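The structure under discussion appears below in the form of structure tokens.
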Amino acid sequence: MCEEVLRLILAQLYLLDKLYEGLYIKITMDTVAISDFRTNLPDFINQVSEKLKRLVVTVSGKPKAVVISFDELESLEETAEVLSIPGTLEAIKKGQKEIRQGKFITLKELEKKYKL
């Protein structure tokens, strides 16, 4: 049972990864001069928090900082924490391979099998 639950979790992680990948590609990273950033700070913060926009703040035309939403930062930190567990990345890759090969069961099948 434990291995099947792990496979299900890995399948869900794979799907979330694909979703994030799709969203990430659509998210543009705009560049803004620090003077413009200061002037329009509330608007930029709203764009970052509500529209998942990323901002590169420049000083004299050189990138100096990136502004991302709090939720995105939390997500990145959680991902880094999970991936720091020994063997996690290998398990995820194995799970992705098994999914591509059709070696998985759905949540409904798992619930039925173990009467959850």
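Chain labels A, B, ... are given in the sequence in which chains occur in the structure tokens; within each chain residues are numbered consecutively from 1, and ligands are likewise numbered from 1 in the order shown.
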
All strand (DSSP E) positions in chain A, as a PyMOL selection string: chain A and resi 29-33+54-59+62-67

Separation of atom CA of Lys112 of chain A from atom CA of Thr88 of chain A, in Å and rounded to one decimal: 27.6 Å

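Within the 8 Å cut-off around Ala65 of chain A, using only C-alpha atoms and omitting residues fewer than 4 positions from it on the same chain, the listed residues are Val56, Val57 and Thr58 of chain A.
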
Pairwise distance for atom CA of Leu83 of chain A and atom CA of Phe70 of chain A, rounded to one decimal in Å: 19.9 Å

DSSP helix (DSSP H, G or I) residues within chain A, listed as a PyMOL selection string: chain A and resi 2-26+34-39+41-51+70-83+88-100+107-114

Residues within 12 Å of segment 62-64 of chain A, only C-alpha atoms, excluding chain neighbours under 3 positions, as a VMD selection string: chain A and resid 29 to 34 55 to 59 67

Can you write out the residues you just picked, keeping C-alpha atoms, as an mmCIF file, in the first residue's frame?
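Contents of again-v7.cif, freshly written:
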```cif
data_model
loop_
_atom_site.group_PDB
_atom_site.id
_atom_site.type_symbol
_atom_site.label_atom_id
_atom_site.label_comp_id
_atom_site.auth_asym_id
_atom_site.auth_seq_id
_atom_site.Cartn_x
_atom_site.Cartn_y
_atom_site.Cartn_z
ATOM 1 C CA MET A 29 9.360 38.901 -16.175
ATOM 2 C CA ASP A 30 9.044 42.623 -16.750
ATOM 3 C CA THR A 31 11.918 44.993 -16.206
ATOM 4 C CA VAL A 32 11.320 48.245 -14.349
ATOM 5 C CA ALA A 33 13.657 51.073 -13.398
ATOM 6 C CA ILE A 34 13.909 51.673 -9.662
ATOM 7 C CA LEU A 55 9.585 42.147 -11.811
ATOM 8 C CA VAL A 56 13.259 42.773 -12.369
ATOM 9 C CA VAL A 57 14.173 46.086 -10.750
ATOM 10 C CA THR A 58 17.082 47.843 -12.400
ATOM 11 C CA VAL A 59 19.441 50.535 -11.180
ATOM 12 C CA VAL A 67 10.176 40.961 -6.953
#
```
